[in-house]
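Worksheet: one structure, shown below.
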Amino acid sequence: MLSVIPKSISFNGRALSQNFRHSCHSNGNMSEQGEVFERPDTVVVDPPLEKHHTIEPFAFLTSVKESERKYNVLLISNQAFKTDLKTIWVHCGLVVCSDGGANRLHDYFANDQERGDYLPNYIVGDFDSLRDDVRGFYKSKGVKIIPQYGQYSNDFQKSVRCIQLHYSFLEQGRQWLEVDEDDGLKEIWENEFGGASDIQIRIYALSVIGGRFDQTIQSINQLYILHQKEPNLHLFFITNDDLIFLLYKGVNYVMYPNRAIFCKNMSSPPLCGLLPLGDKPVTLNSFGFRYDVQNWLTKMMGQVSSSNRVVGKKGFIVECSEDISMNVELSL
């Protein structure tokens, strides 16, 4: 493991020597699991010099140009949400409703005129939840509705196939093929495109986490599986309280214009957690949190970093020995 804690750091415009990291939190907690260092409310964290993954999780709040918005996807599922939908919508180039997610979108607006201004591009699923009146409304507005009645994948997975196909057809300048209503999306994806793409896509899945616990666990499972099987997809779960995403094995630089973009209440730095929900323990190094760690082992049934805080002014660094889930507080 490389150390991502630099020899010098700065915060609030002041430079500090390496000795700073030993001056806080009882001079660092030393144990078999590594060290912990306390940081101030604001720390300037520059991108690492070594090879790293750059992650921009809050692009759904900052993308303005068409070229920035084009590959941001809003995926709406069938759970209640309190998020300001309009704020997210303008930063996304594609909107997909997963089955009953279309009901949620429809009912979010007070009248048909407003609903007509916020039309999804696709509605996908087995439609065991989609109301007839909602289906009829969106069909009358020209929304592409794709029934997929096969039960070997769930509505979320079917929607992901639709997203992959949308961009693959678009890149090749091709029109949609006829989709079989059983499992046609999967068949087209595998037969026409070999089940793979290198088009980098961010999927912002709204109201996926919450509701039934088994569905929540399945969604977290997909976070890991999709990165392994379809690494061109970058999946983010938007909840009423936070954003959940994956940090990748190696060095990660998570960047944003400023913390107020995703946390309007800056009376204290936004909360966060690093959650080892994969199948292996993870060793962490970090820079940009209230409690940074070095050579720190985390695993289920062991120590887990929760209720930490993001203090990096415009970004933070996490180096991990395996993929790891992260959540960051949202206050929009």
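If you're wondering about the labels, chains in the structure tokens are A, B, ... by order shown, residues count from 1 in each chain, ligands from 1 in order shown.
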Run DSSP on the backbone and give me the residues of stretch 92-319 of chain A it puts in helix (DSSP H, G or I), as number ranges by chain.
-> A: 101-108, 112-117, 132-140, 155-172, 184-193, 213-229, 259-261
Do you know which residues are at most 7 Å from stretch 193-198 of chain A counting only C-alpha atoms, after dropping those on the same chain fewer than 2 positions away, and could you put them as a PyMOL selection string?
-> chain A and resi 189-191+200+230+232
Given the selection you just returned, output its residues as a file containing N, CA and C atoms, formatted as a JSON list (two decimals), in the first residue's frame.
```json
[["chain", "number", "residue", "atom", "x", "y", "z"],
["A", 189, "TRP", "N", -28.48, -6.73, -26.12],
["A", 189, "TRP", "CA", -27.22, -6.30, -25.52],
["A", 189, "TRP", "C", -26.11, -7.32, -25.77],
["A", 190, "GLU", "N", -26.42, -8.58, -25.64],
["A", 190, "GLU", "CA", -25.41, -9.62, -25.81],
["A", 190, "GLU", "C", -25.15, -9.93, -27.29],
["A", 191, "ASN", "N", -26.20, -9.98, -28.08],
["A", 191, "ASN", "CA", -26.05, -10.39, -29.48],
["A", 191, "ASN", "C", -25.51, -9.27, -30.37],
["A", 200, "GLN", "N", -18.32, 5.72, -21.06],
["A", 200, "GLN", "CA", -18.36, 6.02, -19.63],
["A", 200, "GLN", "C", -19.68, 6.70, -19.27],
["A", 230, "GLU", "N", -19.36, -4.59, -15.71],
["A", 230, "GLU", "CA", -19.58, -3.51, -16.67],
["A", 230, "GLU", "C", -18.91, -2.25, -16.14],
["A", 232, "ASN", "N", -17.69, 0.30, -17.35],
["A", 232, "ASN", "CA", -17.97, 1.61, -17.94],
["A", 232, "ASN", "C", -19.09, 2.33, -17.20]]
```
Spatial neighbours of stretch 238-240 of chain A, max dist 7 Å, only C-alpha atoms, sep filter under 5 positions, as a PyMOL selection string = chain A and resi 81-83+204-207+209
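For the residues A:Lys264, A:Arg259, A:Lys141, A:Lys299, ranking by smallest atom-to-atom distance to A:Thr42 using only C-alpha atoms places A:Arg259 first.
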For A:Asp242: contacts at 6 Å, only C-alpha atoms, fewer than 5 positions along chain excluded, given as JSON, numbers by chain = {"A": [328, 329, 330]}
Print the selection's residues with N, CA, C and O atoms to a file, as a PDB file, in the first residue's frame.
```
ATOM      1  N   VAL A 328     -21.944   9.726   1.525  1.00  0.00           N
ATOM      2  CA  VAL A 328     -21.689  11.120   1.884  1.00  0.00           C
ATOM      3  C   VAL A 328     -23.026  11.809   2.082  1.00  0.00           C
ATOM      4  O   VAL A 328     -23.954  11.648   1.273  1.00  0.00           O
ATOM      5  N   GLU A 329     -23.134  12.563   3.140  1.00  0.00           N
ATOM      6  CA  GLU A 329     -24.375  13.257   3.480  1.00  0.00           C
ATOM      7  C   GLU A 329     -24.801  14.215   2.367  1.00  0.00           C
ATOM      8  O   GLU A 329     -23.977  14.954   1.819  1.00  0.00           O
ATOM      9  N   LEU A 330     -26.077  14.193   2.033  1.00  0.00           N
ATOM     10  CA  LEU A 330     -26.678  15.141   1.099  1.00  0.00           C
ATOM     11  C   LEU A 330     -27.635  16.046   1.856  1.00  0.00           C
ATOM     12  O   LEU A 330     -28.484  15.577   2.621  1.00  0.00           O
TER      13      LEU A 330
END
```
Smallest atom-to-atom distance to A:Gly150: which of A:Lys186, A:Lys51, A:His234, A:Lys249, using only C-alpha atoms?
-> A:Lys186
Identify all residues of stretch 40-248 of chain A in strand (DSSP E) (DSSP on the backbone) and supply them as number ranges by chain.
-> A: 53-55, 72-76, 94-98, 122-125, 144-147, 201-206, 233-238, 242-247
May I have the residues within 10 Å of A:Tyr118 as a VMD selection string, using only C-alpha atoms and disregarding those fewer than 4 positions away in the same chain?
-> chain A and resid 85 to 86 89 to 90 95 105 to 106 109 112 to 114
All residues 10 Å or closer to A:Ser219, only C-alpha atoms, same chain fewer than 6 positions away omitted, as a list in words | Phe156, Gln157, Ala205, Val208, Ile209, Gly210, Phe213, Ile225 and Phe237 of chain A
How would the residues just picked look written out with C-alpha atoms as a PDB file, in the first residue's frame?
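File again-v6.pdb, as written:
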```
ATOM      1  CA  PHE A 156     -33.278  -2.297 -11.985  1.00  0.00           C
ATOM      2  CA  GLN A 157     -31.132  -4.656 -14.061  1.00  0.00           C
ATOM      3  CA  ALA A 205     -30.366   5.961  -9.136  1.00  0.00           C
ATOM      4  CA  VAL A 208     -33.404   2.569  -4.976  1.00  0.00           C
ATOM      5  CA  ILE A 209     -32.121   2.391  -1.390  1.00  0.00           C
ATOM      6  CA  GLY A 210     -34.871   2.192   1.227  1.00  0.00           C
ATOM      7  CA  PHE A 213     -34.272  -4.620   3.322  1.00  0.00           C
ATOM      8  CA  ILE A 225     -21.218  -6.560  -9.418  1.00  0.00           C
ATOM      9  CA  PHE A 237     -27.531   5.838  -5.233  1.00  0.00           C
TER      10      PHE A 237
END
```
Go through A:Leu275, A:Ile317, A:Ile199, A:Ile220 one by one, measure the shortest atom-to-atom distance of each to A:Gly302 using only C-alpha atoms, and give the residue with the smallest value.
->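 Closest residue, counting only C-alpha atoms: A:Leu275.
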Pairwise distance for atom CA of A:Ile146 and atom CA of A:Leu185, rounded to one decimal in Å =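 Straight-line distance from atom CA of A:Ile146 to atom CA of A:Leu185 works out to 8.9 Å.
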Separation of atom CA of A:Gly136 and atom CA of A:Asp182, in Å?
-> 21.0 Å
Looking at only C-alpha atoms, which of A:Ser140, A:Gln218, A:Asn252, A:Gln148 is the one that sits closest to A:Asp323?
-> A:Asn252
Name the residues in contact with A:Lys139 at a cut-off of 12 Å, using only C-alpha atoms, excluding same-chain residues fewer than 2 positions from it; report them as JSON, numbers by chain.
-> {"A": [102, 116, 119, 120, 121, 122, 123, 132, 133, 134, 135, 136, 137, 141, 142, 143, 144, 145, 146]}
